[in-house]
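With PDB, C-alpha atoms inside, this is structure.pdb:
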```pdb
MODEL        1
ATOM      1  CA  GLN A   1      71.823  82.790  45.761  1.00  0.00           C
ATOM      2  CA  THR A   2      74.483  84.999  44.208  1.00  0.00           C
ATOM      3  CA  VAL A   3      76.491  87.084  46.642  1.00  0.00           C
ATOM      4  CA  VAL A   4      78.225  90.275  45.550  1.00  0.00           C
ATOM      5  CA  THR A   5      81.376  90.776  47.569  1.00  0.00           C
ATOM      6  CA  GLN A   6      83.100  93.985  48.634  1.00  0.00           C
ATOM      7  CA  GLU A   7      85.834  94.738  51.126  1.00  0.00           C
ATOM      8  CA  PRO A   8      84.107  95.642  54.419  1.00  0.00           C
ATOM      9  CA  SER A   9      86.521  98.485  55.044  1.00  0.00           C
ATOM     10  CA  PHE A  10      89.457 100.296  53.531  1.00  0.00           C
ATOM     11  CA  SER A  11      91.591 103.243  54.463  1.00  0.00           C
ATOM     12  CA  VAL A  12      93.502 105.731  52.356  1.00  0.00           C
ATOM     13  CA  SER A  13      95.710 108.696  53.125  1.00  0.00           C
ATOM     14  CA  PRO A  14      94.682 112.143  51.928  1.00  0.00           C
ATOM     15  CA  GLY A  15      95.957 112.578  48.394  1.00  0.00           C
ATOM     16  CA  GLY A  16      96.429 108.874  47.971  1.00  0.00           C
ATOM     17  CA  THR A  17      94.858 106.394  45.578  1.00  0.00           C
ATOM     18  CA  VAL A  18      92.563 103.548  46.558  1.00  0.00           C
ATOM     19  CA  THR A  19      90.875 100.812  44.557  1.00  0.00           C
ATOM     20  CA  LEU A  20      87.720  99.179  45.878  1.00  0.00           C
ATOM     21  CA  THR A  21      86.546  95.956  44.295  1.00  0.00           C
ATOM     22  CA  CYS A  22      83.262  94.192  43.595  1.00  0.00           C
ATOM     23  CA  GLY A  23      83.247  90.473  42.986  1.00  0.00           C
ATOM     24  CA  LEU A  24      80.975  87.456  42.815  1.00  0.00           C
ATOM     25  CA  SER A  25      80.841  84.564  45.245  1.00  0.00           C
ATOM     26  CA  SER A  26      80.919  82.349  42.195  1.00  0.00           C
ATOM     27  CA  GLY A  27      82.262  83.449  38.858  1.00  0.00           C
ATOM     28  CA  SER A  28      83.783  86.562  37.362  1.00  0.00           C
ATOM     29  CA  VAL A  29      82.389  90.048  36.951  1.00  0.00           C
ATOM     30  CA  SER A  30      82.361  91.299  33.376  1.00  0.00           C
ATOM     31  CA  THR A  31      80.896  94.295  31.609  1.00  0.00           C
ATOM     32  CA  SER A  32      77.802  92.160  30.985  1.00  0.00           C
ATOM     33  CA  TYR A  33      76.901  92.715  34.627  1.00  0.00           C
ATOM     34  CA  TYR A  34      76.811  96.502  34.018  1.00  0.00           C
ATOM     35  CA  PRO A  35      78.557  97.267  37.319  1.00  0.00           C
ATOM     36  CA  SER A  36      77.615 100.555  38.943  1.00  0.00           C
ATOM     37  CA  TRP A  37      78.925 102.341  42.028  1.00  0.00           C
ATOM     38  CA  TYR A  38      77.271 104.527  44.650  1.00  0.00           C
ATOM     39  CA  GLN A  39      78.573 106.722  47.445  1.00  0.00           C
ATOM     40  CA  GLN A  40      76.637 107.213  50.672  1.00  0.00           C
ATOM     41  CA  THR A  41      77.397 109.293  53.725  1.00  0.00           C
ATOM     42  CA  PRO A  42      75.521 108.678  56.992  1.00  0.00           C
ATOM     43  CA  GLY A  43      71.936 109.930  56.949  1.00  0.00           C
ATOM     44  CA  GLN A  44      72.021 110.751  53.261  1.00  0.00           C
ATOM     45  CA  ALA A  45      70.611 109.135  50.160  1.00  0.00           C
ATOM     46  CA  PRO A  46      73.062 107.336  47.906  1.00  0.00           C
ATOM     47  CA  ARG A  47      74.791 109.284  45.153  1.00  0.00           C
ATOM     48  CA  THR A  48      75.438 107.662  41.803  1.00  0.00           C
ATOM     49  CA  LEU A  49      79.114 107.689  40.834  1.00  0.00           C
ATOM     50  CA  ILE A  50      79.746 105.214  38.016  1.00  0.00           C
ATOM     51  CA  TYR A  51      77.521 103.145  35.746  1.00  0.00           C
ATOM     52  CA  SER A  52      78.046 100.613  32.982  1.00  0.00           C
ATOM     53  CA  THR A  53      81.487  99.751  34.372  1.00  0.00           C
ATOM     54  CA  ASN A  54      83.259 103.037  33.690  1.00  0.00           C
ATOM     55  CA  THR A  55      80.858 105.875  32.827  1.00  0.00           C
ATOM     56  CA  ARG A  56      80.848 108.705  35.336  1.00  0.00           C
ATOM     57  CA  SER A  57      77.492 110.084  36.354  1.00  0.00           C
ATOM     58  CA  SER A  58      76.827 113.757  35.748  1.00  0.00           C
ATOM     59  CA  GLY A  59      78.853 116.000  38.024  1.00  0.00           C
ATOM     60  CA  VAL A  60      81.139 113.289  39.358  1.00  0.00           C
ATOM     61  CA  PRO A  61      84.777 114.413  39.347  1.00  0.00           C
ATOM     62  CA  ASP A  62      87.281 112.486  37.247  1.00  0.00           C
ATOM     63  CA  ARG A  63      89.064 111.424  40.441  1.00  0.00           C
ATOM     64  CA  PHE A  64      86.541 108.597  40.413  1.00  0.00           C
ATOM     65  CA  SER A  65      86.950 105.924  37.762  1.00  0.00           C
ATOM     66  CA  GLY A  66      85.557 102.471  37.150  1.00  0.00           C
ATOM     67  CA  SER A  67      87.037  99.431  35.477  1.00  0.00           C
ATOM     68  CA  ILE A  68      87.240  95.656  35.385  1.00  0.00           C
ATOM     69  CA  LEU A  69      90.347  94.389  37.177  1.00  0.00           C
ATOM     70  CA  GLY A  70      90.875  90.681  36.766  1.00  0.00           C
ATOM     71  CA  ASN A  71      87.605  89.012  37.686  1.00  0.00           C
ATOM     72  CA  LYS A  72      86.131  91.959  39.591  1.00  0.00           C
ATOM     73  CA  ALA A  73      84.691  95.398  38.982  1.00  0.00           C
ATOM     74  CA  ALA A  74      86.749  98.159  40.518  1.00  0.00           C
ATOM     75  CA  LEU A  75      86.284 101.729  41.681  1.00  0.00           C
ATOM     76  CA  THR A  76      89.451 103.783  41.876  1.00  0.00           C
ATOM     77  CA  ILE A  77      89.652 107.072  43.730  1.00  0.00           C
ATOM     78  CA  THR A  78      92.704 109.142  42.861  1.00  0.00           C
ATOM     79  CA  GLY A  79      93.834 112.007  45.071  1.00  0.00           C
ATOM     80  CA  ALA A  80      91.531 111.063  47.942  1.00  0.00           C
ATOM     81  CA  GLN A  81      89.965 113.923  49.847  1.00  0.00           C
ATOM     82  CA  ALA A  82      88.506 114.087  53.324  1.00  0.00           C
ATOM     83  CA  ASP A  83      84.950 114.243  52.007  1.00  0.00           C
ATOM     84  CA  ASP A  84      85.482 110.980  50.136  1.00  0.00           C
ATOM     85  CA  GLU A  85      85.092 109.283  53.497  1.00  0.00           C
ATOM     86  CA  SER A  86      81.848 107.398  52.893  1.00  0.00           C
ATOM     87  CA  ASP A  87      80.305 104.032  52.294  1.00  0.00           C
ATOM     88  CA  TYR A  88      80.633 102.755  48.731  1.00  0.00           C
ATOM     89  CA  TYR A  89      78.277 100.221  47.203  1.00  0.00           C
ATOM     90  CA  CYS A  90      78.498  98.353  43.941  1.00  0.00           C
ATOM     91  CA  VAL A  91      75.522  96.923  42.072  1.00  0.00           C
ATOM     92  CA  LEU A  92      75.539  94.123  39.513  1.00  0.00           C
ATOM     93  CA  TYR A  93      72.761  93.374  37.044  1.00  0.00           C
ATOM     94  CA  MET A  94      71.841  89.685  37.109  1.00  0.00           C
ATOM     95  CA  GLY A  95      69.259  89.708  34.326  1.00  0.00           C
ATOM     96  CA  SER A  96      65.452  89.666  34.256  1.00  0.00           C
ATOM     97  CA  GLY A  97      65.241  92.860  36.232  1.00  0.00           C
ATOM     98  CA  ASP A  98      67.290  91.450  39.104  1.00  0.00           C
ATOM     99  CA  VAL A  99      70.016  93.633  40.562  1.00  0.00           C
ATOM    100  CA  VAL A 100      72.139  92.814  43.594  1.00  0.00           C
ATOM    101  CA  PHE A 101      73.967  95.213  45.870  1.00  0.00           C
ATOM    102  CA  GLY A 102      77.297  94.407  47.388  1.00  0.00           C
ATOM    103  CA  GLY A 103      77.599  94.673  51.138  1.00  0.00           C
ATOM    104  CA  GLY A 104      79.401  98.000  50.882  1.00  0.00           C
ATOM    105  CA  THR A 105      82.875  99.254  51.740  1.00  0.00           C
ATOM    106  CA  LYS A 106      83.425 101.789  54.485  1.00  0.00           C
ATOM    107  CA  LEU A 107      86.227 104.058  53.308  1.00  0.00           C
ATOM    108  CA  THR A 108      88.225 106.006  55.857  1.00  0.00           C
ATOM    109  CA  VAL A 109      90.477 108.877  54.796  1.00  0.00           C
ATOM    110  CA  LEU A 110      93.219 109.402  57.352  1.00  0.00           C
TER     111      LEU A 110
ATOM    112  CA  GLU B   1      65.549 119.800  38.484  1.00  0.00           C
ATOM    113  CA  VAL B   2      64.844 116.091  38.694  1.00  0.00           C
ATOM    114  CA  GLN B   3      63.469 115.250  42.124  1.00  0.00           C
ATOM    115  CA  LEU B   4      61.964 112.230  43.880  1.00  0.00           C
ATOM    116  CA  VAL B   5      60.161 112.709  47.183  1.00  0.00           C
ATOM    117  CA  GLU B   6      59.025 109.738  49.246  1.00  0.00           C
ATOM    118  CA  SER B   7      56.262 109.870  51.824  1.00  0.00           C
ATOM    119  CA  GLY B   8      54.029 107.606  53.852  1.00  0.00           C
ATOM    120  CA  GLY B   9      56.532 106.011  56.187  1.00  0.00           C
ATOM    121  CA  GLY B  10      55.790 105.485  59.844  1.00  0.00           C
ATOM    122  CA  LEU B  11      55.336 103.010  62.658  1.00  0.00           C
ATOM    123  CA  VAL B  12      53.294  99.897  61.976  1.00  0.00           C
ATOM    124  CA  GLN B  13      52.719  96.732  63.962  1.00  0.00           C
ATOM    125  CA  PRO B  14      53.991  93.353  62.800  1.00  0.00           C
ATOM    126  CA  GLY B  15      51.501  91.844  60.390  1.00  0.00           C
ATOM    127  CA  GLY B  16      50.216  95.263  59.420  1.00  0.00           C
ATOM    128  CA  SER B  17      50.166  97.141  56.141  1.00  0.00           C
ATOM    129  CA  LEU B  18      51.525 100.421  54.879  1.00  0.00           C
ATOM    130  CA  ARG B  19      51.758 102.178  51.534  1.00  0.00           C
ATOM    131  CA  VAL B  20      54.658 104.443  50.735  1.00  0.00           C
ATOM    132  CA  SER B  21      54.620 106.864  47.830  1.00  0.00           C
ATOM    133  CA  CYS B  22      57.165 108.609  45.648  1.00  0.00           C
ATOM    134  CA  ALA B  23      56.327 111.857  43.871  1.00  0.00           C
ATOM    135  CA  ALA B  24      58.406 112.657  40.823  1.00  0.00           C
ATOM    136  CA  SER B  25      59.075 116.130  39.514  1.00  0.00           C
ATOM    137  CA  GLY B  26      61.330 117.642  36.902  1.00  0.00           C
ATOM    138  CA  PHE B  27      60.717 114.774  34.500  1.00  0.00           C
ATOM    139  CA  THR B  28      57.836 112.725  33.155  1.00  0.00           C
ATOM    140  CA  LEU B  29      57.484 109.549  35.183  1.00  0.00           C
ATOM    141  CA  SER B  30      55.991 107.625  32.265  1.00  0.00           C
ATOM    142  CA  THR B  31      59.335 107.762  30.455  1.00  0.00           C
ATOM    143  CA  SER B  32      61.230 106.067  33.289  1.00  0.00           C
ATOM    144  CA  GLU B  33      61.571 102.633  34.797  1.00  0.00           C
ATOM    145  CA  MET B  34      61.500 102.842  38.582  1.00  0.00           C
ATOM    146  CA  ASN B  35      62.678 100.916  41.623  1.00  0.00           C
ATOM    147  CA  TRP B  36      62.366 100.733  45.368  1.00  0.00           C
ATOM    148  CA  VAL B  37      65.533 100.184  47.394  1.00  0.00           C
ATOM    149  CA  ARG B  38      65.678  99.873  51.167  1.00  0.00           C
ATOM    150  CA  GLN B  39      68.258 100.148  53.906  1.00  0.00           C
ATOM    151  CA  ALA B  40      67.792  98.657  57.345  1.00  0.00           C
ATOM    152  CA  PRO B  41      69.304 100.642  60.225  1.00  0.00           C
ATOM    153  CA  GLY B  42      73.077 100.294  60.180  1.00  0.00           C
ATOM    154  CA  LYS B  43      72.963  97.915  57.221  1.00  0.00           C
ATOM    155  CA  GLY B  44      73.624  98.045  53.505  1.00  0.00           C
ATOM    156  CA  LEU B  45      71.363  98.807  50.579  1.00  0.00           C
ATOM    157  CA  GLU B  46      68.932  96.164  49.291  1.00  0.00           C
ATOM    158  CA  TRP B  47      67.015  96.290  46.025  1.00  0.00           C
ATOM    159  CA  VAL B  48      63.306  95.629  46.659  1.00  0.00           C
ATOM    160  CA  SER B  49      61.310  95.978  43.456  1.00  0.00           C
ATOM    161  CA  TYR B  50      61.275  97.206  39.837  1.00  0.00           C
ATOM    162  CA  ILE B  51      58.482  98.383  37.551  1.00  0.00           C
ATOM    163  CA  SER B  52      58.678  99.094  33.836  1.00  0.00           C
ATOM    164  CA  ARG B  53      57.426 102.278  32.213  1.00  0.00           C
ATOM    165  CA  SER B  54      53.960 100.931  31.526  1.00  0.00           C
ATOM    166  CA  GLY B  55      53.810  98.673  34.568  1.00  0.00           C
ATOM    167  CA  SER B  56      53.712  95.574  32.411  1.00  0.00           C
ATOM    168  CA  HIS B  57      56.945  94.163  33.840  1.00  0.00           C
ATOM    169  CA  ILE B  58      57.424  93.918  37.583  1.00  0.00           C
ATOM    170  CA  TYR B  59      60.089  92.177  39.650  1.00  0.00           C
ATOM    171  CA  TYR B  60      60.577  91.666  43.378  1.00  0.00           C
ATOM    172  CA  ALA B  61      63.345  90.576  45.685  1.00  0.00           C
ATOM    173  CA  ASP B  62      62.686  87.150  47.177  1.00  0.00           C
ATOM    174  CA  SER B  63      62.525  88.729  50.632  1.00  0.00           C
ATOM    175  CA  VAL B  64      59.343  90.656  49.777  1.00  0.00           C
ATOM    176  CA  LYS B  65      57.748  88.551  47.052  1.00  0.00           C
ATOM    177  CA  GLY B  66      54.088  87.858  47.785  1.00  0.00           C
ATOM    178  CA  ARG B  67      53.876  90.580  50.430  1.00  0.00           C
ATOM    179  CA  PHE B  68      54.812  93.806  48.616  1.00  0.00           C
ATOM    180  CA  THR B  69      53.219  95.291  45.505  1.00  0.00           C
ATOM    181  CA  ILE B  70      54.803  97.994  43.375  1.00  0.00           C
ATOM    182  CA  SER B  71      52.603 100.201  41.218  1.00  0.00           C
ATOM    183  CA  ARG B  72      52.641 103.511  39.438  1.00  0.00           C
ATOM    184  CA  ASP B  73      50.235 106.220  38.352  1.00  0.00           C
ATOM    185  CA  ASN B  74      51.881 107.991  35.459  1.00  0.00           C
ATOM    186  CA  ALA B  75      49.095 110.538  35.279  1.00  0.00           C
ATOM    187  CA  LYS B  76      49.930 111.573  38.843  1.00  0.00           C
ATOM    188  CA  ASN B  77      53.679 111.216  38.320  1.00  0.00           C
ATOM    189  CA  SER B  78      53.750 108.887  41.313  1.00  0.00           C
ATOM    190  CA  LEU B  79      55.209 105.529  42.315  1.00  0.00           C
ATOM    191  CA  TYR B  80      53.891 103.379  45.131  1.00  0.00           C
ATOM    192  CA  LEU B  81      54.878 100.415  47.278  1.00  0.00           C
ATOM    193  CA  GLN B  82      52.089  98.595  49.093  1.00  0.00           C
ATOM    194  CA  MET B  83      53.561  96.581  51.940  1.00  0.00           C
ATOM    195  CA  ASN B  84      51.484  93.870  53.603  1.00  0.00           C
ATOM    196  CA  SER B  85      52.236  91.280  56.280  1.00  0.00           C
ATOM    197  CA  LEU B  86      55.035  93.470  57.544  1.00  0.00           C
ATOM    198  CA  ARG B  87      57.791  91.961  59.670  1.00  0.00           C
ATOM    199  CA  ALA B  88      60.351  93.464  62.000  1.00  0.00           C
ATOM    200  CA  GLU B  89      63.015  92.798  59.375  1.00  0.00           C
ATOM    201  CA  ASP B  90      61.189  95.111  56.957  1.00  0.00           C
ATOM    202  CA  THR B  91      62.183  98.051  59.162  1.00  0.00           C
ATOM    203  CA  ALA B  92      64.229 100.295  56.886  1.00  0.00           C
ATOM    204  CA  VAL B  93      64.497 103.548  55.028  1.00  0.00           C
ATOM    205  CA  TYR B  94      62.757 103.051  51.709  1.00  0.00           C
ATOM    206  CA  TYR B  95      64.162 104.928  48.723  1.00  0.00           C
ATOM    207  CA  CYS B  96      62.605 105.280  45.325  1.00  0.00           C
ATOM    208  CA  ALA B  97      65.188 105.311  42.575  1.00  0.00           C
ATOM    209  CA  ARG B  98      64.891 106.021  38.892  1.00  0.00           C
ATOM    210  CA  ALA B  99      66.464 103.458  36.593  1.00  0.00           C
ATOM    211  CA  GLY B 100      69.060 104.583  34.105  1.00  0.00           C
ATOM    212  CA  ALA B 101      69.250 103.059  30.655  1.00  0.00           C
ATOM    213  CA  GLU B 102      72.025 100.654  31.582  1.00  0.00           C
ATOM    214  CA  TYR B 103      70.702  98.818  34.625  1.00  0.00           C
ATOM    215  CA  TYR B 104      71.631 101.322  37.299  1.00  0.00           C
ATOM    216  CA  PHE B 105      69.980 103.860  39.570  1.00  0.00           C
ATOM    217  CA  ASP B 106      70.476 107.368  38.249  1.00  0.00           C
ATOM    218  CA  CYS B 107      68.380 109.412  40.663  1.00  0.00           C
ATOM    219  CA  TRP B 108      67.373 108.818  44.287  1.00  0.00           C
ATOM    220  CA  GLY B 109      64.818 110.231  46.667  1.00  0.00           C
ATOM    221  CA  GLN B 110      65.689 111.166  50.228  1.00  0.00           C
ATOM    222  CA  GLY B 111      63.923 108.116  51.650  1.00  0.00           C
ATOM    223  CA  THR B 112      61.085 107.446  54.074  1.00  0.00           C
ATOM    224  CA  LEU B 113      61.497 105.427  57.269  1.00  0.00           C
ATOM    225  CA  VAL B 114      59.249 102.451  57.898  1.00  0.00           C
ATOM    226  CA  THR B 115      59.412 100.971  61.391  1.00  0.00           C
ATOM    227  CA  VAL B 116      57.727  97.652  62.121  1.00  0.00           C
ATOM    228  CA  SER B 117      57.371  97.176  65.840  1.00  0.00           C
ATOM    229  CA  SER B 118      54.801  96.407  68.495  1.00  0.00           C
TER     230      SER B 118
ENDMDL
END
```

So, in terms of structure tokens, how does the structure I just supplied come out?
Amino acid sequence: QTVVTQEPSFSVSPGGTVTLTCGLSSGSVSTSYYPSWYQQTPGQAPRTLIYSTNTRSSGVPDRFSGSILGNKAALTITGAQADDESDYYCVLYMGSGDVVFGGGTKLTVL
Amino acid sequence: EVQLVESGGGLVQPGGSLRVSCAASGFTLSTSEMNWVRQAPGKGLEWVSYISRSGSHIYYADSVKGRFTISRDNAKNSLYLQMNSLRAEDTAVYYCARAGAEYYFDCWGQGTLVTVSS
């Protein structure tokens, strides 16, 4: 069973830059996994941020960017704002219709 | 405006059945692949099931295989999830999510809560 790994928590100062990562329990993440990223605040539905590694979804500010860093997918938030405090989830496509969510990263802005 | 609205959640006893629905508006459902994703209280997101545009290709997470059935009625612009043999661990908010062209979820409903408890 493939496990998608994310940092359980992270903190960033207002105005700062943070990079969240998304890895595999075995192997490396590449663009072939079509990594995507989602933001979720408590009680709300997820919001799509990034898809296909580095394409921003409609309306997402360019403070959010996606990439492959080493053997992981990465979400970088530049100039963090208070309302960026959320849970962030990555998703990897495993083939044959199978997608797997990471466990999520709780981002604190303080 | 593209919108997905789930309904049909509620309280059901272990071993029981429930069907949740997702009404699509602002786009033609028949042109989109669709998914169900769930989130247990205080936990992360979990993909549950996928259905292709015509319904000819269907996939399930191992955790629900054999118990849940995804279906769609394109004429009614609606997606469904029939859940049988429900367990306490199926308690979650169930979201329908439209699939984007590159294996991601590009639009989400607000979710419907399913509680399995005696």

For segment 73-87 of chain B: contacts at 7 Å, all atoms listed in the file, fewer than 4 positions along chain excluded, given as a list in words: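 Final neighbour list, sorted by chain and number: Pro14, Gly15, Gly16, Ser17, Leu18, Arg19, Val20, Ser21, Cys22, Ala23, Ala24, Thr28, Leu29, Ser30, Arg67, Phe68, Thr69 and Val116 of chain B.
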
Rounded to one decimal, what separation in Å do you get between atom CA of Asp62 of chain B and atom CA of Gly23 of chain A?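 Between these atoms lies a distance of 21.2 Å.
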
Atom pair atom CA of Lys43 of chain B / atom CA of Gln44 of chain A: separation (Å):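 Separation between atom CA of Lys43 of chain B and atom CA of Gln44 of chain A: 13.5 Å.
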
Set the cut-off to 9 Å and count only C-alpha atoms: what are the residues of chain B that reach chain A? Output as a ChimeraX atom specification. /B:43-47,49-51,57-61,95,100,102-111

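The space between atom CA of Glu89 of chain B and atom CA of Cys22 of chain A spans 25.7 Å.
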
Could you give me, as a list in words, the residues that have an atom at most 6 Å away from the point (61.0, 103.5, 35.2) in the coordinates of the file, using all atoms listed in the file?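 Counting all atoms listed in the file, I find these residues within 6 Å of (61.0, 103.5, 35.2): Ser32, Glu33, Met34, Ser52, Arg53, Arg98 and Ala99 of chain B.
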
Which residues would end up in the selection if the PyMOL selection byres ((chain A and resi 69-78) around 6) were applied here, given that I need the answer as a PyMOL selection string? chain A and resi 17-23+28-29+63-68+79-80

For the provided coordinates, the residues matched by the PyMOL selection byres ((chain A and resi 82) around 8) should be stated as a compact mmCIF listing (two decimals) with C-alpha atoms, keeping the file's coordinate frame.
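Saved result, out_26.txt, follows:
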```
# COMPACT_ATOMS: atom_id res chain seq x y z
CA PRO A 14 94.68 112.14 51.93
CA ALA A 80 91.53 111.06 47.94
CA GLN A 81 89.96 113.92 49.85
CA ASP A 83 84.95 114.24 52.01
CA ASP A 84 85.48 110.98 50.14
CA GLU A 85 85.09 109.28 53.50
CA VAL A 109 90.48 108.88 54.80
CA LEU A 110 93.22 109.40 57.35
```

Which protein, DNA or RNA residues are at most 9 Å from (66.9, 117.3, 41.4) in the file's coordinates when you count all atoms listed in the file, listed as a CSV table (one decimal) with C-alpha atoms, in the coordinates of the input?
```
chain,number,residue,atom,x,y,z
B,1,GLU,CA,65.5,119.8,38.5
B,2,VAL,CA,64.8,116.1,38.7
B,3,GLN,CA,63.5,115.2,42.1
B,4,LEU,CA,62.0,112.2,43.9
B,25,SER,CA,59.1,116.1,39.5
B,26,GLY,CA,61.3,117.6,36.9
B,107,CYS,CA,68.4,109.4,40.7
B,108,TRP,CA,67.4,108.8,44.3
```

Selected by the PyMOL selection byres ((chain A and resi 24) around 6) in the shown coordinates: which residues, as a list in words? Val3, Val4, Thr5, Gly23, Ser25, Ser26 and Gly27 of chain A

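Candidate residues B:Thr31, B:Ser7, B:Gln39, B:Thr91 were compared for distance to Ser54 of chain B, and the nearest is B:Thr31, using only C-alpha atoms.
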
Would you mind listing what lies within 8 Å of Leu113 of chain B as JSON, numbers by chain, with all atoms listed in the file counted and same-chain residues fewer than 2 positions away left out? {"B": [9, 10, 91, 92, 93, 94, 111, 115]}

I want to know what sits within 7 Å of Thr108 of chain A, based on all atoms listed in the file, with residues of the same chain fewer than 4 positions away left out; could you give that as a PyMOL selection string? chain A and resi 10-12+85

Can you work out which one of B:Cys96, B:Thr112, B:Phe27, B:Ser118 has the shortest atom-to-atom distance to Val48 of chain B, counting only C-alpha atoms? B:Cys96
